[in-house]
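Visitor: Structure in structure tokens, see below.
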Number of protein chains: 2
Amino acid sequence: MLNCYKLKSLSLLLAASVSFPIYAALPESQVETLDMLKTQALNDDTAYQIIESLTTEVGARMVGTEGEARSVEWAMQKMKSLGFDKVWKEESEVTLWSRGSLKLEIAAPFPHPVVGLTLGGSVGTNGETLTAEVVEFNTLEALKAAKKGSLEGKIAFVSYRMERHEDGHGYGEAVGARVAGASIAADKGAVAFLLRSVGTDTNRFAHTGVMHYEENVKKIPAIALSNPDADLLVNSLQRGKPVTFSINSTASGPTNETVTIANVIGEVTGSEQPQEVVTLGAHLDSWDVGTGAIDDGIGIGITLAAGHYIAQLPQAPKRSVRVILFAAEEIGLAGAKDYVVKHKEEMDQHVMGAEWDFGNGNIYSMEPGVGPEALASIRDFADYLAPMGIAYSSKNSAKGQSDMSALGNEGQPAVNFDPDGSDYFDYHHTKNDTLDKVNQAALKNNTAVYTAFAYYAADSNVNFRK
Amino acid sequence: MLNCYKLKSLSLLLAASVSFPIYAALPESQVETLDMLKTQALNDDTAYQIIESLTTEVGARMVGTEGEARSVEWAMQKMKSLGFDKVWKEESEVTLWSRGSLKLEIAAPFPHPVVGLTLGGSVGTNGETLTAEVVEFNTLEALKAAKKGSLEGKIAFVSYRMERHEDGHGYGEAVGARVAGASIAADKGAVAFLLRSVGTDTNRFAHTGVMHYEENVKKIPAIALSNPDADLLVNSLQRGKPVTFSINSTASGPTNETVTIANVIGEVTGSEQPQEVVTLGAHLDSWDVGTGAIDDGIGIGITLAAGHYIAQLPQAPKRSVRVILFAAEEIGLAGAKDYVVKHKEEMDQHVMGAEWDFGNGNIYSMEPGVGPEALASIRDFADYLAPMGIAYSSKNSAKGQSDMSALGNEGQPAVNFDPDGSDYFDYHHTKNDTLDKVNQAALKNNTAVYTAFAYYAADSNVNFRK
């Protein structure tokens, strides 16, 4: 399988690195290749260099921007240069939203400029200044409990602070206000909606992210404040006098204008069952405020590096490995939804998948979502990864994370790898999502895991489907 | 000295807190009061509440802004409410500078929006877009070594990264480029000057601060980039192709227009030698980007709380305690220089002084700058503070920090207290200088030290002068 030159390189690499025990449970020849791939990933910086290239040569790539268009060309070229056998893009259309400008102020009794960001999809104020009194709610639940009409002419403000947890579950508890808060507030009569940013940092910049309007409810501006500015507003309100707030935004709001997006796909063709594909996913788009190094440059780096290592093998695995860089994840998995439509006929050939879209930490857990006959093999693979500090979760309910959940919902088996997400929401959707925040050691570790995973699943005869 | 009610309160306070050993070296009655003051400062949050009030009710207070005018009124009212015997302001005039707007871009080969701040005092581009090629220098020294004319039509960029140290000395090594870089670059022909922000954080916002132009050198725009944006520019340049950069700024530059500033002064009148004053200093102005909680809200909180505690004593110390909130420190100690001029005749009655203008850390060292006959008493006071983790530096060269150095240069004895400044330059002159960054435990500790210091010096008969 491996030629002499490759074997020599491999033995040097292994000698220079940690050695891995051989697991009888996986085929010995597969373990040999897995060890080689893992060692390679742990000892070079291909993933980091991909992120460096993306952030320097493209940078921010929000849907509908020139940066997004450049990112598609960058991804096609990068996949080709990394040795993928086939590279293509699949285009579709989404609604255009533009951020425009935003000026915020606490107007009275103590005037302050305020740092915030219009939420993705929000209307603006047509460039006019909206000034109204602020009513604070500690939680989204408290806002929901307000009486209809009670916020007539007011600005609703949810001051709930997201909690920091290893698995990031504080996000789930906080993000509802971001997504749904504006329509709930408007339904009570509010003229605008503010919330404390959904984030765990204390930096004076806000976290953007997508929001949605309910139909038949007035569309009002939805704006996230930085944590320190939310504190300032809370402290201003605590003095017991009316606090008025001004908003001037030229955000476009939902329009009828559409823009072309593109999933970019690269494949390493399988040597025996090339029609069966193992997918690795990440998303190519980012928000506009940072350079998208963490969200999801890291996913792009990990999945492209994994494909590259496998493409360099003297013998391709049996099945194809397909890296999908999804478009428009940030506005609601638009690219992934389009992929599912376009690949409906071959979805049963999607034998396994995994996504990376959760930042910087070392993977500490894996959970499959596979058919019963595949569990023993998956367990063997989990045993192989165990020395890397990865626990096995036997719930077997994984459907794929982020974009990949759209494929999981259509029956694609999946493994969810869980990294330490303690600091993810410090950077998420902020200006601070930049290259210097990438944890290069964890990146190598996680690239090794994803490379091993893709090779394991692609070089297997196991039927993972339920 | 203390009435029964006060003694009862004191004994309760002492019982509820740590107890302090009695030092024979300081007069026993003084130690009793020092212990009481220290315990009080360690057990309430007056200093924090002062900072909360300042940042909420005033916020940013850059010279020449409406916030600065409000801060003067705020300070007068606050001093009165805190029980100072005399409160007044002393006005003078300085040159007005306004920041205006700023738009920065890496223009080619890979366009990016860039986050930066115009340095204080810099000219702008009159609202026109200046685009030129960037030439990088690793240090200010490297820029100085460039040949005259070699930067004709270019933008000079100093990419030096400030180092983090407990005593903050990395600032001294980095700030020269901020202050002097523009004129040095202009002298070589440059049309603009960029530098990596003088700061130790990795947040995507820049650090402002004052710069100065040499006479007879063309005034060119001087701009600090955030650390991540400086990285991006370095990475862009490393590709070996010309990198062009665009600047559009409406900063006012040096003008002939002046604006009124005011030192705000509060005094607790001495009971025996009221004409002799012990000064505590901080500065009232801040930069415009944060709310000036750290720089120098903490100094305002510490010095006003110290004055308040001493003002509440049943018997004032022998000498007067004068808290001076200096104006316009950020643009070059303008308020302190005016103070020295206005108080020239009574400068020999300034028997001792200390400033707080260095943020958040616990004090770990103190160094006097006093006459030889005062050293024994100072040493006794240092012994009194030693259990708080404060080492004594015997160099005896202190002249007062920040504003207070202007008084030290005119002969005022001083003690310099050195706090741990490891994180100070994460926040310094940035948007992140906000209330949530205040370390409340260290604030209590340092307020206790300054209160004890002011009382010790004011209730002393020692001649501290050289």
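A note on labels: chains of the structure tokens are A, B, ... as shown, every chain counts residues from 1, and ligands are counted from 1 in their shown order.
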Could you tell me which residues of chain B sit within 7 Å of chain A when counting only C-alpha atoms, and give me the result as a count of residues only?

Guide: 16

Visitor: Can you tell me, as a list in words, what residues are no more than 8 Å from Gly64 of chain A when counting only C-alpha atoms, ignoring any on the same chain fewer than 2 positions away?

Guide: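 What passes the distance filter is Met62, Glu66, Glu68, Ala69, Leu96, Trp97, Ser98, Val259, Thr260 and Ile261 of chain A.
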
Visitor: Between atom CA of Tyr171 of chain B and atom CA of Pro413 of chain B, what is the distance, to one decimal in Å?

Guide: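 According to the coordinates, atom CA of Tyr171 of chain B and atom CA of Pro413 of chain B are separated by 25.3 Å.
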
Visitor: Using backbone DSSP assignments, extract all helix (DSSP H, G or I) residues from segment 220-369 of chain B; output them as JSON, numbers by chain.

Guide: {"B": [227, 228, 229, 230, 231, 232, 233, 234, 235, 236, 237, 293, 294, 295, 296, 297, 298, 299, 300, 301, 302, 303, 304, 305, 306, 307, 308, 309, 310, 311, 329, 330, 331, 334, 335, 336, 337, 338, 339, 340, 341, 342, 344, 345, 346, 347, 348, 349]}

Visitor: My list of candidates is A:Phe358, A:Tyr160, A:Tyr364, A:Phe381. Which is closest to Leu140 of chain A when distances are computed with only C-alpha atoms?

Guide: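 Comparing A:Phe358, A:Tyr160, A:Tyr364, A:Phe381 against Leu140 of chain A, the winner is A:Tyr160.
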
Visitor: Using DSSP on the backbone coordinates, identify the residues of segment 271-427 of chain A assigned to strand (DSSP E); present them as a PyMOL selection string.

Guide: chain A and resi 273-283+319-326+350-355+363-369+391-392+414-419

Visitor: For the selection you just gave me, I'd like the residues written to a file as a compact mmCIF listing (two decimals), in the first residue's frame, keeping N, CA, C and O atoms.

Guide:
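Result written to selection_39.txt:
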```txt
# COMPACT_ATOMS: atom_id res chain seq x y z
N GLN A 273 -15.41 2.04 -4.03
CA GLN A 273 -16.82 2.45 -4.14
C GLN A 273 -16.87 3.98 -4.20
O GLN A 273 -17.30 4.64 -3.24
N PRO A 274 -16.43 4.55 -5.31
CA PRO A 274 -16.32 6.01 -5.36
C PRO A 274 -17.67 6.72 -5.26
O PRO A 274 -17.73 7.90 -4.91
N GLN A 275 -18.75 6.02 -5.57
CA GLN A 275 -20.07 6.66 -5.47
C GLN A 275 -20.51 6.83 -4.02
O GLN A 275 -21.40 7.61 -3.73
N GLU A 276 -19.89 6.10 -3.11
CA GLU A 276 -20.20 6.27 -1.68
C GLU A 276 -19.29 7.36 -1.12
O GLU A 276 -18.08 7.32 -1.30
N VAL A 277 -19.91 8.34 -0.45
CA VAL A 277 -19.11 9.48 0.00
C VAL A 277 -19.15 9.64 1.52
O VAL A 277 -20.20 9.48 2.16
N VAL A 278 -17.98 9.92 2.05
CA VAL A 278 -17.85 10.37 3.44
C VAL A 278 -17.67 11.88 3.38
O VAL A 278 -16.77 12.36 2.67
N THR A 279 -18.52 12.61 4.08
CA THR A 279 -18.47 14.07 3.97
C THR A 279 -17.81 14.69 5.20
O THR A 279 -18.05 14.27 6.33
N LEU A 280 -16.99 15.69 4.94
CA LEU A 280 -16.49 16.58 6.00
C LEU A 280 -17.01 17.96 5.66
O LEU A 280 -16.86 18.42 4.53
N GLY A 281 -17.61 18.63 6.65
CA GLY A 281 -18.22 19.92 6.37
C GLY A 281 -17.67 21.05 7.24
O GLY A 281 -17.20 20.83 8.35
N ALA A 282 -17.74 22.23 6.67
CA ALA A 282 -17.45 23.48 7.39
C ALA A 282 -18.20 24.55 6.59
O ALA A 282 -18.78 24.24 5.55
N HIS A 283 -18.24 25.78 7.08
CA HIS A 283 -18.91 26.79 6.24
C HIS A 283 -17.95 27.87 5.80
O HIS A 283 -17.06 28.29 6.54
N ARG A 319 -13.92 4.40 -0.31
CA ARG A 319 -15.00 5.35 -0.63
C ARG A 319 -14.40 6.73 -0.90
O ARG A 319 -13.26 7.01 -0.53
N SER A 320 -15.20 7.61 -1.46
CA SER A 320 -14.75 8.98 -1.70
C SER A 320 -14.85 9.81 -0.42
O SER A 320 -15.74 9.60 0.41
N VAL A 321 -13.93 10.74 -0.29
CA VAL A 321 -14.01 11.73 0.79
C VAL A 321 -14.38 13.06 0.15
O VAL A 321 -13.70 13.53 -0.76
N ARG A 322 -15.48 13.62 0.60
CA ARG A 322 -16.00 14.86 0.01
C ARG A 322 -15.98 15.97 1.08
O ARG A 322 -16.67 15.85 2.09
N VAL A 323 -15.20 16.99 0.84
CA VAL A 323 -15.22 18.16 1.72
C VAL A 323 -16.18 19.18 1.14
O VAL A 323 -16.04 19.60 -0.02
N ILE A 324 -17.15 19.56 1.95
CA ILE A 324 -18.15 20.54 1.50
C ILE A 324 -17.97 21.82 2.32
O ILE A 324 -18.13 21.80 3.55
N LEU A 325 -17.62 22.89 1.64
CA LEU A 325 -17.57 24.21 2.30
C LEU A 325 -18.90 24.89 1.99
O LEU A 325 -19.13 25.38 0.88
N PHE A 326 -19.77 24.86 2.97
CA PHE A 326 -21.15 25.32 2.77
C PHE A 326 -21.22 26.84 2.71
O PHE A 326 -20.50 27.55 3.42
N HIS A 350 -24.51 8.89 0.84
CA HIS A 350 -23.75 9.65 1.84
C HIS A 350 -23.64 8.76 3.06
O HIS A 350 -24.56 8.67 3.87
N VAL A 351 -22.51 8.07 3.19
CA VAL A 351 -22.42 7.00 4.17
C VAL A 351 -22.02 7.48 5.56
O VAL A 351 -22.21 6.77 6.54
N MET A 352 -21.50 8.67 5.64
CA MET A 352 -21.04 9.18 6.95
C MET A 352 -20.65 10.63 6.80
O MET A 352 -20.17 11.05 5.73
N GLY A 353 -20.80 11.43 7.88
CA GLY A 353 -20.40 12.83 7.81
C GLY A 353 -20.04 13.42 9.16
O GLY A 353 -20.46 12.90 10.21
N ALA A 354 -19.26 14.48 9.12
CA ALA A 354 -18.95 15.26 10.34
C ALA A 354 -18.66 16.70 9.93
O ALA A 354 -18.12 16.95 8.84
N GLU A 355 -19.02 17.62 10.78
CA GLU A 355 -18.76 19.06 10.53
C GLU A 355 -17.84 19.60 11.61
O GLU A 355 -17.85 19.11 12.75
N ILE A 363 -10.85 18.36 21.15
CA ILE A 363 -12.00 17.46 21.19
C ILE A 363 -11.90 16.60 22.45
O ILE A 363 -10.85 16.03 22.73
N TYR A 364 -12.99 16.53 23.20
CA TYR A 364 -12.98 15.72 24.42
C TYR A 364 -14.02 14.61 24.37
O TYR A 364 -14.06 13.75 25.25
N SER A 365 -14.87 14.60 23.35
CA SER A 365 -15.95 13.60 23.31
C SER A 365 -16.37 13.36 21.87
O SER A 365 -16.28 14.25 21.02
N MET A 366 -16.81 12.15 21.58
CA MET A 366 -17.42 11.86 20.28
C MET A 366 -18.67 11.03 20.48
O MET A 366 -18.76 10.19 21.39
N GLU A 367 -19.65 11.31 19.63
CA GLU A 367 -20.91 10.56 19.70
C GLU A 367 -21.34 10.21 18.29
O GLU A 367 -21.45 11.10 17.44
N PRO A 368 -21.61 8.95 18.02
CA PRO A 368 -22.07 8.58 16.69
C PRO A 368 -23.59 8.71 16.58
O PRO A 368 -24.31 8.85 17.57
N GLY A 369 -24.03 8.63 15.34
CA GLY A 369 -25.45 8.48 15.03
C GLY A 369 -25.50 7.54 13.84
O GLY A 369 -25.52 7.97 12.69
N ALA A 391 -13.51 10.92 24.91
CA ALA A 391 -14.44 9.96 25.51
C ALA A 391 -15.50 9.57 24.49
O ALA A 391 -15.78 10.29 23.53
N TYR A 392 -16.10 8.40 24.71
CA TYR A 392 -17.13 7.91 23.80
C TYR A 392 -18.49 8.10 24.43
O TYR A 392 -18.73 7.68 25.56
N ALA A 414 -23.70 10.09 11.04
CA ALA A 414 -22.79 11.16 11.44
C ALA A 414 -22.03 10.78 12.70
O ALA A 414 -22.44 9.89 13.45
N VAL A 415 -20.91 11.45 12.90
CA VAL A 415 -20.29 11.49 14.22
C VAL A 415 -20.18 12.95 14.61
O VAL A 415 -19.76 13.79 13.81
N ASN A 416 -20.61 13.26 15.83
CA ASN A 416 -20.39 14.59 16.39
C ASN A 416 -19.16 14.55 17.28
O ASN A 416 -19.11 13.77 18.25
N PHE A 417 -18.18 15.38 16.96
CA PHE A 417 -17.01 15.55 17.83
C PHE A 417 -17.20 16.83 18.63
O PHE A 417 -17.50 17.88 18.06
N ASP A 418 -17.04 16.72 19.95
CA ASP A 418 -17.28 17.89 20.80
C ASP A 418 -15.97 18.46 21.32
O ASP A 418 -15.28 17.82 22.12
N PRO A 419 -15.63 19.67 20.91
CA PRO A 419 -14.45 20.32 21.47
C PRO A 419 -14.82 21.19 22.67
O PRO A 419 -15.99 21.56 22.84
```

Visitor: So how many Å separate atom CA of Asp383 of chain B and atom CA of Asn362 of chain B, to one decimal?

Guide: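 Interatomic distance, atom CA of Asp383 of chain B to atom CA of Asn362 of chain B: 17.1 Å.
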
Visitor: Tell me which protein, DNA and RNA residues are within 9 Å of Asn409 of chain A, counting only C-alpha atoms, leaving out same-chain ones fewer than 4 positions away, and put them as a PyMOL selection string.

Guide: chain A and resi 399-400+404-405

Visitor: What lies within 9 Å of Ile50 of chain B using only C-alpha atoms, ignoring chain neighbours under 4 positions off, as a list in words?

Guide: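 Counting only C-alpha atoms, the residues come to Asp45, Thr46, Leu54, Thr55, Lys78, Gly297, Ile298, Ile300, Gly301, Ile302, Leu304 and Ala305 of chain B.
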
Visitor: Keeping N, CA, C and O atoms for every residue in the selection just given, could you write it to a file as a CSV table (one decimal), in the first residue's frame?

Guide:
```csv
chain,number,residue,atom,x,y,z
B,45,ASP,N,-17.4,50.1,49.8
B,45,ASP,CA,-17.1,50.2,48.4
B,45,ASP,C,-17.3,51.6,47.9
B,45,ASP,O,-17.7,51.9,46.8
B,46,THR,N,-16.9,52.6,48.7
B,46,THR,CA,-17.0,54.0,48.4
B,46,THR,C,-16.3,54.3,47.0
B,46,THR,O,-16.8,54.9,46.1
B,54,LEU,N,-19.2,58.1,38.2
B,54,LEU,CA,-18.5,58.8,37.1
B,54,LEU,C,-18.8,58.2,35.8
B,54,LEU,O,-19.1,58.9,34.8
B,55,THR,N,-18.7,56.9,35.7
B,55,THR,CA,-18.8,56.3,34.3
B,55,THR,C,-20.2,56.2,33.9
B,55,THR,O,-20.5,56.3,32.7
B,78,LYS,N,-19.5,65.9,43.6
B,78,LYS,CA,-19.1,64.7,44.3
B,78,LYS,C,-18.2,65.0,45.5
B,78,LYS,O,-18.4,64.5,46.6
B,297,GLY,N,-10.5,56.6,36.2
B,297,GLY,CA,-11.6,56.5,37.2
B,297,GLY,C,-11.1,55.9,38.5
B,297,GLY,O,-11.6,56.3,39.6
B,298,ILE,N,-10.3,54.9,38.4
B,298,ILE,CA,-9.8,54.3,39.6
B,298,ILE,C,-9.0,55.3,40.5
B,298,ILE,O,-9.2,55.3,41.7
B,300,ILE,N,-9.5,58.5,40.6
B,300,ILE,CA,-10.5,59.4,41.1
B,300,ILE,C,-11.2,58.7,42.3
B,300,ILE,O,-11.4,59.3,43.4
B,301,GLY,N,-11.6,57.4,42.1
B,301,GLY,CA,-12.2,56.7,43.2
B,301,GLY,C,-11.4,56.6,44.4
B,301,GLY,O,-11.8,56.8,45.6
B,302,ILE,N,-10.1,56.2,44.2
B,302,ILE,CA,-9.2,56.1,45.4
B,302,ILE,C,-9.0,57.4,46.1
B,302,ILE,O,-9.1,57.4,47.4
B,304,LEU,N,-10.7,60.3,46.0
B,304,LEU,CA,-11.9,60.9,46.6
B,304,LEU,C,-12.3,60.1,47.9
B,304,LEU,O,-12.7,60.7,48.9
B,305,ALA,N,-12.2,58.8,47.8
B,305,ALA,CA,-12.6,58.0,48.9
B,305,ALA,C,-11.7,58.2,50.1
B,305,ALA,O,-12.1,58.4,51.3
```
